[in-house]
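This is entry_2.txt (compact mmCIF, N, CA and C atoms).
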```txt
# COMPACT_ATOMS: atom_id res chain seq x y z
N MET A 1 125.13 79.17 68.67
CA MET A 1 124.32 78.78 69.79
C MET A 1 124.57 79.79 70.92
N ALA A 2 123.51 80.36 71.47
CA ALA A 2 123.63 81.34 72.55
C ALA A 2 123.78 80.63 73.89
N SER A 3 124.56 81.26 74.74
CA SER A 3 124.79 80.69 76.07
C SER A 3 124.07 81.53 77.11
N ASN A 4 123.38 80.88 78.00
CA ASN A 4 122.71 81.57 79.10
C ASN A 4 123.61 81.67 80.32
N GLN A 5 124.78 81.08 80.25
CA GLN A 5 125.69 81.07 81.38
C GLN A 5 126.41 82.41 81.46
N GLN A 6 126.40 83.00 82.66
CA GLN A 6 127.07 84.27 82.89
C GLN A 6 128.58 84.05 82.91
N THR A 7 129.31 84.95 82.28
CA THR A 7 130.76 84.85 82.27
C THR A 7 131.31 85.39 83.57
N ARG A 8 132.14 84.58 84.22
CA ARG A 8 132.76 85.01 85.48
C ARG A 8 134.04 85.77 85.19
N PRO A 9 134.34 86.77 86.02
CA PRO A 9 135.60 87.51 85.85
C PRO A 9 136.81 86.58 86.00
N GLY A 10 137.84 86.87 85.23
CA GLY A 10 139.06 86.07 85.26
C GLY A 10 140.12 86.67 86.16
N ILE A 11 141.26 86.02 86.22
CA ILE A 11 142.37 86.47 87.06
C ILE A 11 142.79 87.88 86.63
N GLY A 12 142.96 88.74 87.63
CA GLY A 12 143.36 90.11 87.39
C GLY A 12 142.21 91.07 87.14
N GLU A 13 141.00 90.56 87.04
CA GLU A 13 139.84 91.40 86.76
C GLU A 13 139.10 91.75 88.05
N LEU A 14 138.41 92.88 88.00
CA LEU A 14 137.56 93.27 89.12
C LEU A 14 136.36 92.33 89.18
N ALA A 15 135.96 91.99 90.39
CA ALA A 15 134.81 91.12 90.57
C ALA A 15 134.12 91.49 91.87
N LYS A 16 132.92 90.99 92.01
CA LYS A 16 132.15 91.22 93.24
C LYS A 16 131.93 89.89 93.94
N ASP A 17 132.19 89.88 95.22
CA ASP A 17 131.85 88.74 96.08
C ASP A 17 130.43 89.01 96.54
N SER A 18 129.47 88.36 95.91
CA SER A 18 128.06 88.66 96.19
C SER A 18 127.64 88.23 97.59
N ALA A 19 128.34 87.30 98.20
CA ALA A 19 128.00 86.86 99.56
C ALA A 19 128.38 87.92 100.59
N ARG A 20 129.49 88.63 100.33
CA ARG A 20 129.98 89.65 101.27
C ARG A 20 129.72 91.06 100.78
N ASP A 21 129.22 91.19 99.55
CA ASP A 21 128.97 92.49 98.93
C ASP A 21 130.25 93.32 98.90
N ARG A 22 131.36 92.68 98.48
CA ARG A 22 132.67 93.33 98.40
C ARG A 22 133.20 93.25 96.98
N ILE A 23 133.89 94.30 96.58
CA ILE A 23 134.55 94.34 95.28
C ILE A 23 136.03 94.06 95.51
N GLY A 24 136.61 93.27 94.63
CA GLY A 24 138.03 92.96 94.73
C GLY A 24 138.58 92.52 93.39
N VAL A 25 139.82 92.10 93.40
CA VAL A 25 140.49 91.62 92.20
C VAL A 25 140.67 90.11 92.33
N VAL A 26 140.29 89.39 91.28
CA VAL A 26 140.46 87.93 91.27
C VAL A 26 141.95 87.62 91.16
N MET A 27 142.46 86.84 92.13
CA MET A 27 143.88 86.52 92.17
C MET A 27 144.17 85.10 91.70
N GLY A 28 143.19 84.22 91.79
CA GLY A 28 143.40 82.84 91.40
C GLY A 28 142.36 81.95 92.04
N ALA A 29 142.60 80.65 91.97
CA ALA A 29 141.71 79.68 92.58
C ALA A 29 142.54 78.60 93.25
N LEU A 30 142.04 78.13 94.37
CA LEU A 30 142.75 77.10 95.12
C LEU A 30 141.73 76.31 95.93
N GLY A 31 141.77 75.01 95.81
CA GLY A 31 140.89 74.16 96.61
C GLY A 31 139.41 74.38 96.36
N GLY A 32 139.06 74.69 95.13
CA GLY A 32 137.64 74.86 94.80
C GLY A 32 137.08 76.22 95.18
N ARG A 33 137.93 77.14 95.60
CA ARG A 33 137.50 78.48 95.95
C ARG A 33 138.30 79.50 95.14
N VAL A 34 137.69 80.64 94.93
CA VAL A 34 138.35 81.74 94.22
C VAL A 34 138.97 82.65 95.27
N GLN A 35 140.18 83.09 95.01
CA GLN A 35 140.85 84.01 95.93
C GLN A 35 140.76 85.42 95.37
N MET A 36 140.32 86.35 96.22
CA MET A 36 140.18 87.74 95.83
C MET A 36 140.96 88.61 96.80
N ARG A 37 141.42 89.76 96.30
CA ARG A 37 142.18 90.71 97.11
C ARG A 37 141.48 92.06 97.03
N PRO A 38 141.45 92.81 98.12
CA PRO A 38 140.87 94.16 98.08
C PRO A 38 141.55 95.01 97.01
N ILE A 39 140.81 95.94 96.43
CA ILE A 39 141.37 96.74 95.33
C ILE A 39 142.55 97.58 95.76
N GLY A 40 142.63 97.97 97.02
CA GLY A 40 143.75 98.76 97.49
C GLY A 40 144.89 97.92 98.02
N GLY A 41 144.80 96.60 97.83
CA GLY A 41 145.79 95.68 98.37
C GLY A 41 145.33 95.18 99.73
N GLY A 42 146.03 94.23 100.24
CA GLY A 42 145.68 93.66 101.53
C GLY A 42 145.54 92.16 101.47
N LYS A 43 144.96 91.62 102.51
CA LYS A 43 144.84 90.18 102.65
C LYS A 43 143.74 89.62 101.74
N GLU A 44 144.09 88.54 101.05
CA GLU A 44 143.12 87.87 100.18
C GLU A 44 142.07 87.16 101.02
N TRP A 45 140.92 86.96 100.41
CA TRP A 45 139.88 86.17 101.05
C TRP A 45 139.35 85.16 100.03
N ASP A 46 138.79 84.07 100.54
CA ASP A 46 138.27 83.00 99.70
C ASP A 46 136.78 83.20 99.43
N VAL A 47 136.39 82.89 98.21
CA VAL A 47 135.01 83.06 97.77
C VAL A 47 134.56 81.79 97.06
N MET A 48 133.35 81.36 97.32
CA MET A 48 132.79 80.24 96.56
C MET A 48 132.60 80.71 95.11
N PRO A 49 132.95 79.88 94.13
CA PRO A 49 132.89 80.30 92.73
C PRO A 49 131.54 80.88 92.30
N ASP A 50 130.44 80.34 92.80
CA ASP A 50 129.12 80.84 92.41
C ASP A 50 128.85 82.25 92.93
N ASN A 51 129.64 82.71 93.91
CA ASN A 51 129.46 84.05 94.47
C ASN A 51 130.34 85.10 93.80
N VAL A 52 131.15 84.69 92.84
CA VAL A 52 132.01 85.63 92.10
C VAL A 52 131.24 86.08 90.87
N VAL A 53 130.88 87.36 90.85
CA VAL A 53 130.09 87.90 89.75
C VAL A 53 130.73 89.21 89.27
N PRO A 54 130.43 89.60 88.04
CA PRO A 54 130.94 90.89 87.57
C PRO A 54 130.29 92.02 88.38
N PRO A 55 131.03 93.07 88.66
CA PRO A 55 130.43 94.20 89.36
C PRO A 55 129.49 94.96 88.42
N SER A 56 128.55 95.68 89.00
CA SER A 56 127.68 96.53 88.18
C SER A 56 128.54 97.66 87.59
N PRO A 57 128.08 98.31 86.55
CA PRO A 57 128.86 99.43 86.00
C PRO A 57 129.18 100.49 87.06
N ARG A 58 128.27 100.78 87.93
CA ARG A 58 128.50 101.78 88.98
C ARG A 58 129.57 101.28 89.97
N GLU A 59 129.49 100.01 90.35
CA GLU A 59 130.48 99.45 91.27
C GLU A 59 131.87 99.44 90.64
N GLU A 60 131.93 99.10 89.36
CA GLU A 60 133.21 99.06 88.67
C GLU A 60 133.81 100.47 88.56
N LEU A 61 133.00 101.45 88.22
CA LEU A 61 133.47 102.83 88.13
C LEU A 61 134.00 103.31 89.47
N SER A 62 133.26 103.03 90.53
CA SER A 62 133.67 103.43 91.87
C SER A 62 135.00 102.78 92.26
N ALA A 63 135.14 101.49 91.95
CA ALA A 63 136.38 100.77 92.29
C ALA A 63 137.56 101.32 91.49
N ARG A 64 137.36 101.58 90.20
CA ARG A 64 138.45 102.11 89.38
C ARG A 64 138.84 103.52 89.83
N LEU A 65 137.89 104.31 90.26
CA LEU A 65 138.18 105.64 90.78
C LEU A 65 138.99 105.53 92.07
N ALA A 66 138.63 104.59 92.93
CA ALA A 66 139.38 104.38 94.17
C ALA A 66 140.82 103.98 93.88
N ILE A 67 141.02 103.14 92.88
CA ILE A 67 142.38 102.73 92.48
C ILE A 67 143.17 103.94 91.99
N ARG A 68 142.56 104.75 91.14
CA ARG A 68 143.24 105.94 90.61
C ARG A 68 143.59 106.91 91.73
N ASN A 69 142.66 107.13 92.65
CA ASN A 69 142.93 108.03 93.76
C ASN A 69 144.07 107.52 94.62
N SER A 70 144.08 106.22 94.87
CA SER A 70 145.16 105.62 95.65
C SER A 70 146.50 105.78 94.95
N ASN A 71 146.52 105.55 93.65
CA ASN A 71 147.75 105.70 92.87
C ASN A 71 148.24 107.13 92.86
N SER A 72 147.32 108.09 92.79
CA SER A 72 147.75 109.48 92.75
C SER A 72 148.31 109.92 94.12
N ARG A 73 147.77 109.37 95.20
CA ARG A 73 148.31 109.67 96.53
C ARG A 73 149.70 109.08 96.70
N ASP A 74 149.93 107.94 96.05
CA ASP A 74 151.23 107.27 96.14
C ASP A 74 152.22 107.79 95.11
N GLY A 75 151.79 108.75 94.30
CA GLY A 75 152.70 109.33 93.30
C GLY A 75 152.90 108.48 92.08
N LEU A 76 151.97 107.57 91.80
CA LEU A 76 152.11 106.70 90.61
C LEU A 76 151.40 107.28 89.42
```
Would you mind giving the structure from this file in structure tokens?
Amino acid sequence: MASNQQTRPGIGELAKDSARDRIGVVMGALGGRVQMRPIGGGKEWDVMPDNVVPPSPREELSARLAIRNSNSRDGL
């Protein structure tokens, strides 16, 4: 049986907050909201579950490149 339901990103995965148009990493859920953190680290923000969507391929590539660049600057 095929499912029409979109799969939401899980903990540790890149995701897009469609309400804020921000890419971040899913950190968990608390009180009916999903907690996300900026890809470079920083303060988490709360997102309504329906606004957590997978990033487009272009958004994901850009985010992963930003992570790699940050790691190379930090010597990792």
From the list A:Arg22, A:Lys16, A:Arg37, A:Arg73, which residue is nearest Pro55 of chain A when using all atoms listed in the file? A:Lys16
In Å to one decimal, how far is atom N of Ser72 of chain A from atom C of Pro9 of chain A? 24.9 Å
Just list the residues in segment 2-69 of chain A DSSP gives strand (DSSP E) on the backbone, as a ChimeraX atom specification. /A:14-17,22-30,33-38,45-47,52-53
Non-local contacts of Gly24 of chain A (12 Å; only C-alpha atoms; under 4 positions in same chain excluded) as a PDB file with N, CA and C atoms, keeping the file's coordinate frame:
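Final output, saved to out08.pdb:
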```
ATOM      1  N   PRO A   9     134.340  86.770  86.020  1.00  0.00           N
ATOM      2  CA  PRO A   9     135.600  87.510  85.850  1.00  0.00           C
ATOM      3  C   PRO A   9     136.810  86.580  86.000  1.00  0.00           C
ATOM      4  N   GLY A  10     137.840  86.870  85.230  1.00  0.00           N
ATOM      5  CA  GLY A  10     139.060  86.070  85.260  1.00  0.00           C
ATOM      6  C   GLY A  10     140.120  86.670  86.160  1.00  0.00           C
ATOM      7  N   ILE A  11     141.260  86.020  86.220  1.00  0.00           N
ATOM      8  CA  ILE A  11     142.370  86.470  87.060  1.00  0.00           C
ATOM      9  C   ILE A  11     142.790  87.880  86.630  1.00  0.00           C
ATOM     10  N   GLY A  12     142.960  88.740  87.630  1.00  0.00           N
ATOM     11  CA  GLY A  12     143.360  90.110  87.390  1.00  0.00           C
ATOM     12  C   GLY A  12     142.210  91.070  87.140  1.00  0.00           C
ATOM     13  N   GLU A  13     141.000  90.560  87.040  1.00  0.00           N
ATOM     14  CA  GLU A  13     139.840  91.400  86.760  1.00  0.00           C
ATOM     15  C   GLU A  13     139.100  91.750  88.050  1.00  0.00           C
ATOM     16  N   LEU A  14     138.410  92.880  88.000  1.00  0.00           N
ATOM     17  CA  LEU A  14     137.560  93.270  89.120  1.00  0.00           C
ATOM     18  C   LEU A  14     136.360  92.330  89.180  1.00  0.00           C
ATOM     19  N   ALA A  15     135.960  91.990  90.390  1.00  0.00           N
ATOM     20  CA  ALA A  15     134.810  91.120  90.570  1.00  0.00           C
ATOM     21  C   ALA A  15     134.120  91.490  91.870  1.00  0.00           C
ATOM     22  N   LYS A  16     132.920  90.990  92.010  1.00  0.00           N
ATOM     23  CA  LYS A  16     132.150  91.220  93.240  1.00  0.00           C
ATOM     24  C   LYS A  16     131.930  89.890  93.940  1.00  0.00           C
ATOM     25  N   ASP A  17     132.190  89.880  95.220  1.00  0.00           N
ATOM     26  CA  ASP A  17     131.850  88.740  96.080  1.00  0.00           C
ATOM     27  C   ASP A  17     130.430  89.010  96.540  1.00  0.00           C
ATOM     28  N   SER A  18     129.470  88.360  95.910  1.00  0.00           N
ATOM     29  CA  SER A  18     128.060  88.660  96.190  1.00  0.00           C
ATOM     30  C   SER A  18     127.640  88.230  97.590  1.00  0.00           C
ATOM     31  N   ARG A  20     129.490  88.630 100.330  1.00  0.00           N
ATOM     32  CA  ARG A  20     129.980  89.650 101.270  1.00  0.00           C
ATOM     33  C   ARG A  20     129.720  91.060 100.780  1.00  0.00           C
ATOM     34  N   GLY A  28     143.190  84.220  91.790  1.00  0.00           N
ATOM     35  CA  GLY A  28     143.400  82.840  91.400  1.00  0.00           C
ATOM     36  C   GLY A  28     142.360  81.950  92.040  1.00  0.00           C
ATOM     37  N   VAL A  34     137.690  80.640  94.930  1.00  0.00           N
ATOM     38  CA  VAL A  34     138.350  81.740  94.220  1.00  0.00           C
ATOM     39  C   VAL A  34     138.970  82.650  95.270  1.00  0.00           C
ATOM     40  N   GLN A  35     140.180  83.090  95.010  1.00  0.00           N
ATOM     41  CA  GLN A  35     140.850  84.010  95.930  1.00  0.00           C
ATOM     42  C   GLN A  35     140.760  85.420  95.370  1.00  0.00           C
ATOM     43  N   MET A  36     140.320  86.350  96.220  1.00  0.00           N
ATOM     44  CA  MET A  36     140.180  87.740  95.830  1.00  0.00           C
ATOM     45  C   MET A  36     140.960  88.610  96.800  1.00  0.00           C
ATOM     46  N   ARG A  37     141.420  89.760  96.300  1.00  0.00           N
ATOM     47  CA  ARG A  37     142.180  90.710  97.110  1.00  0.00           C
ATOM     48  C   ARG A  37     141.480  92.060  97.030  1.00  0.00           C
ATOM     49  N   PRO A  38     141.450  92.810  98.120  1.00  0.00           N
ATOM     50  CA  PRO A  38     140.870  94.160  98.080  1.00  0.00           C
ATOM     51  C   PRO A  38     141.550  95.010  97.010  1.00  0.00           C
ATOM     52  N   ILE A  39     140.810  95.940  96.430  1.00  0.00           N
ATOM     53  CA  ILE A  39     141.370  96.740  95.330  1.00  0.00           C
ATOM     54  C   ILE A  39     142.550  97.580  95.760  1.00  0.00           C
ATOM     55  N   GLY A  40     142.630  97.970  97.020  1.00  0.00           N
ATOM     56  CA  GLY A  40     143.750  98.760  97.490  1.00  0.00           C
ATOM     57  C   GLY A  40     144.890  97.920  98.020  1.00  0.00           C
ATOM     58  N   GLY A  41     144.800  96.600  97.830  1.00  0.00           N
ATOM     59  CA  GLY A  41     145.790  95.680  98.370  1.00  0.00           C
ATOM     60  C   GLY A  41     145.330  95.180  99.730  1.00  0.00           C
ATOM     61  N   GLY A  42     146.030  94.230 100.240  1.00  0.00           N
ATOM     62  CA  GLY A  42     145.680  93.660 101.530  1.00  0.00           C
ATOM     63  C   GLY A  42     145.540  92.160 101.470  1.00  0.00           C
ATOM     64  N   LYS A  43     144.960  91.620 102.510  1.00  0.00           N
ATOM     65  CA  LYS A  43     144.840  90.180 102.650  1.00  0.00           C
ATOM     66  C   LYS A  43     143.740  89.620 101.740  1.00  0.00           C
ATOM     67  N   GLU A  44     144.090  88.540 101.050  1.00  0.00           N
ATOM     68  CA  GLU A  44     143.120  87.870 100.180  1.00  0.00           C
ATOM     69  C   GLU A  44     142.070  87.160 101.020  1.00  0.00           C
ATOM     70  N   TRP A  45     140.920  86.960 100.410  1.00  0.00           N
ATOM     71  CA  TRP A  45     139.880  86.170 101.050  1.00  0.00           C
ATOM     72  C   TRP A  45     139.350  85.160 100.030  1.00  0.00           C
ATOM     73  N   ASP A  46     138.790  84.070 100.540  1.00  0.00           N
ATOM     74  CA  ASP A  46     138.270  83.000  99.700  1.00  0.00           C
ATOM     75  C   ASP A  46     136.780  83.200  99.430  1.00  0.00           C
ATOM     76  N   VAL A  47     136.390  82.890  98.210  1.00  0.00           N
ATOM     77  CA  VAL A  47     135.010  83.060  97.770  1.00  0.00           C
ATOM     78  C   VAL A  47     134.560  81.790  97.060  1.00  0.00           C
ATOM     79  N   VAL A  52     131.150  84.690  92.840  1.00  0.00           N
ATOM     80  CA  VAL A  52     132.010  85.630  92.100  1.00  0.00           C
ATOM     81  C   VAL A  52     131.240  86.080  90.870  1.00  0.00           C
ATOM     82  N   VAL A  53     130.880  87.360  90.850  1.00  0.00           N
ATOM     83  CA  VAL A  53     130.090  87.900  89.750  1.00  0.00           C
ATOM     84  C   VAL A  53     130.730  89.210  89.270  1.00  0.00           C
ATOM     85  N   PRO A  54     130.430  89.600  88.040  1.00  0.00           N
ATOM     86  CA  PRO A  54     130.940  90.890  87.570  1.00  0.00           C
ATOM     87  C   PRO A  54     130.290  92.020  88.380  1.00  0.00           C
ATOM     88  N   PRO A  55     131.030  93.070  88.660  1.00  0.00           N
ATOM     89  CA  PRO A  55     130.430  94.200  89.360  1.00  0.00           C
ATOM     90  C   PRO A  55     129.490  94.960  88.420  1.00  0.00           C
ATOM     91  N   GLU A  59     129.490 100.010  90.350  1.00  0.00           N
ATOM     92  CA  GLU A  59     130.480  99.450  91.270  1.00  0.00           C
ATOM     93  C   GLU A  59     131.870  99.440  90.640  1.00  0.00           C
ATOM     94  N   GLU A  60     131.930  99.100  89.360  1.00  0.00           N
ATOM     95  CA  GLU A  60     133.210  99.060  88.670  1.00  0.00           C
ATOM     96  C   GLU A  60     133.810 100.470  88.560  1.00  0.00           C
ATOM     97  N   SER A  62     133.260 103.030  90.530  1.00  0.00           N
ATOM     98  CA  SER A  62     133.670 103.430  91.870  1.00  0.00           C
ATOM     99  C   SER A  62     135.000 102.780  92.260  1.00  0.00           C
ATOM    100  N   ALA A  63     135.140 101.490  91.950  1.00  0.00           N
ATOM    101  CA  ALA A  63     136.380 100.770  92.290  1.00  0.00           C
ATOM    102  C   ALA A  63     137.560 101.320  91.490  1.00  0.00           C
ATOM    103  N   ARG A  64     137.360 101.580  90.200  1.00  0.00           N
ATOM    104  CA  ARG A  64     138.450 102.110  89.380  1.00  0.00           C
ATOM    105  C   ARG A  64     138.840 103.520  89.830  1.00  0.00           C
ATOM    106  N   ALA A  66     138.630 104.590  92.930  1.00  0.00           N
ATOM    107  CA  ALA A  66     139.380 104.380  94.170  1.00  0.00           C
ATOM    108  C   ALA A  66     140.820 103.980  93.880  1.00  0.00           C
ATOM    109  N   ILE A  67     141.020 103.140  92.880  1.00  0.00           N
ATOM    110  CA  ILE A  67     142.380 102.730  92.480  1.00  0.00           C
ATOM    111  C   ILE A  67     143.170 103.940  91.990  1.00  0.00           C
TER     112      ILE A  67
END
```
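Take atom C of Leu65 of chain A and atom CA of Ala29 of chain A: the distance between them is 26.0 Å.
Put simply, atom N of Thr7 of chain A is 18.3 Å away from atom CA of Asp21 of chain A.
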Mind listing the alpha helix (DSSP H) residues of chain A, per DSSP on the backbone, as a list in words? Pro57, Arg58, Glu59, Glu60, Leu61, Ser62, Ala63, Arg64, Leu65, Ala66, Ile67, Arg68, Asn69, Ser70, Asn71, Ser72 and Arg73 of chain A
Using all atoms listed in the file, pick whichever of A:Gly31, A:Asp74, A:Val26, A:Ala19 has the shortest atom-to-atom distance to Asp50 of chain A. A:Ala19
Emit as JSON the padded axis-aligned box for all listed atoms of segment 39-45 of chain A, 5 Å per side, with centre and edge lengths in Å to one decimal.
```
{"center_x": 142.7, "center_y": 92.0, "center_z": 99.0, "size_x": 16.7, "size_y": 23.6, "size_z": 17.3}
```
Can I get segment 33-44 of chain A with all heavy atoms filled in, as a tab-separated table (two decimals), in the coordinates of the input?
```
chain	number	residue	atom	x	y	z
A	33	ARG	N	137.93	77.14	95.60
A	33	ARG	CA	137.50	78.48	95.95
A	33	ARG	C	138.30	79.50	95.14
A	33	ARG	O	139.43	79.25	94.76
A	33	ARG	CB	137.68	78.75	97.43
A	33	ARG	CG	136.80	77.85	98.28
A	33	ARG	CD	137.00	78.14	99.74
A	33	ARG	NE	136.26	77.17	100.53
A	33	ARG	CZ	135.17	77.46	101.21
A	33	ARG	NH1	134.70	78.67	101.20
A	33	ARG	NH2	134.56	76.53	101.90
A	34	VAL	N	137.69	80.64	94.93
A	34	VAL	CA	138.35	81.74	94.22
A	34	VAL	C	138.97	82.65	95.27
A	34	VAL	O	138.36	82.93	96.30
A	34	VAL	CB	137.34	82.52	93.35
A	34	VAL	CG1	137.98	83.72	92.71
A	34	VAL	CG2	136.72	81.60	92.30
A	35	GLN	N	140.18	83.09	95.01
A	35	GLN	CA	140.85	84.01	95.93
A	35	GLN	C	140.76	85.42	95.37
A	35	GLN	O	141.07	85.66	94.20
A	35	GLN	CB	142.31	83.61	96.12
A	35	GLN	CG	142.44	82.27	96.80
A	35	GLN	CD	143.87	81.83	96.90
A	35	GLN	OE1	144.64	81.98	95.96
A	35	GLN	NE2	144.23	81.31	98.06
A	36	MET	N	140.32	86.35	96.22
A	36	MET	CA	140.18	87.74	95.83
A	36	MET	C	140.96	88.61	96.80
A	36	MET	O	141.14	88.25	97.96
A	36	MET	CB	138.70	88.15	95.82
A	36	MET	CG	137.91	87.48	94.72
A	36	MET	SD	136.17	87.92	94.69
A	36	MET	CE	136.23	89.67	94.41
A	37	ARG	N	141.42	89.76	96.30
A	37	ARG	CA	142.18	90.71	97.11
A	37	ARG	C	141.48	92.06	97.03
A	37	ARG	O	140.98	92.44	95.96
A	37	ARG	CB	143.60	90.82	96.57
A	37	ARG	CG	144.43	91.85	97.34
A	37	ARG	CD	145.87	91.81	96.93
A	37	ARG	NE	146.45	90.60	97.51
A	37	ARG	CZ	147.59	90.06	97.10
A	37	ARG	NH1	148.25	90.59	96.11
A	37	ARG	NH2	148.06	88.98	97.68
A	38	PRO	N	141.45	92.81	98.12
A	38	PRO	CA	140.87	94.16	98.08
A	38	PRO	C	141.55	95.01	97.01
A	38	PRO	O	142.75	94.84	96.75
A	38	PRO	CB	141.15	94.73	99.48
A	38	PRO	CG	141.35	93.53	100.35
A	38	PRO	CD	141.95	92.47	99.46
A	39	ILE	N	140.81	95.94	96.43
A	39	ILE	CA	141.37	96.74	95.33
A	39	ILE	C	142.55	97.58	95.76
A	39	ILE	O	143.42	97.87	94.96
A	39	ILE	CB	140.30	97.62	94.66
A	39	ILE	CG1	139.66	98.56	95.67
A	39	ILE	CG2	139.29	96.79	93.94
A	39	ILE	CD1	138.79	99.62	95.04
A	40	GLY	N	142.63	97.97	97.02
A	40	GLY	CA	143.75	98.76	97.49
A	40	GLY	C	144.89	97.92	98.02
A	40	GLY	O	145.85	98.43	98.59
A	41	GLY	N	144.80	96.60	97.83
A	41	GLY	CA	145.79	95.68	98.37
A	41	GLY	C	145.33	95.18	99.73
A	41	GLY	O	144.35	95.65	100.29
A	42	GLY	N	146.03	94.23	100.24
A	42	GLY	CA	145.68	93.66	101.53
A	42	GLY	C	145.54	92.16	101.47
A	42	GLY	O	145.92	91.52	100.49
A	43	LYS	N	144.96	91.62	102.51
A	43	LYS	CA	144.84	90.18	102.65
A	43	LYS	C	143.74	89.62	101.74
A	43	LYS	O	142.63	90.14	101.69
A	43	LYS	CB	144.53	89.84	104.11
A	43	LYS	CG	144.52	88.38	104.39
A	43	LYS	CD	144.29	88.09	105.85
A	43	LYS	CE	144.25	86.60	106.08
A	43	LYS	NZ	143.97	86.28	107.47
A	44	GLU	N	144.09	88.54	101.05
A	44	GLU	CA	143.12	87.87	100.18
A	44	GLU	C	142.07	87.16	101.02
A	44	GLU	O	142.30	86.80	102.17
A	44	GLU	CB	143.82	86.85	99.28
A	44	GLU	CG	144.75	87.49	98.29
A	44	GLU	CD	145.49	86.48	97.43
A	44	GLU	OE1	145.30	85.26	97.61
A	44	GLU	OE2	146.28	86.91	96.58
```
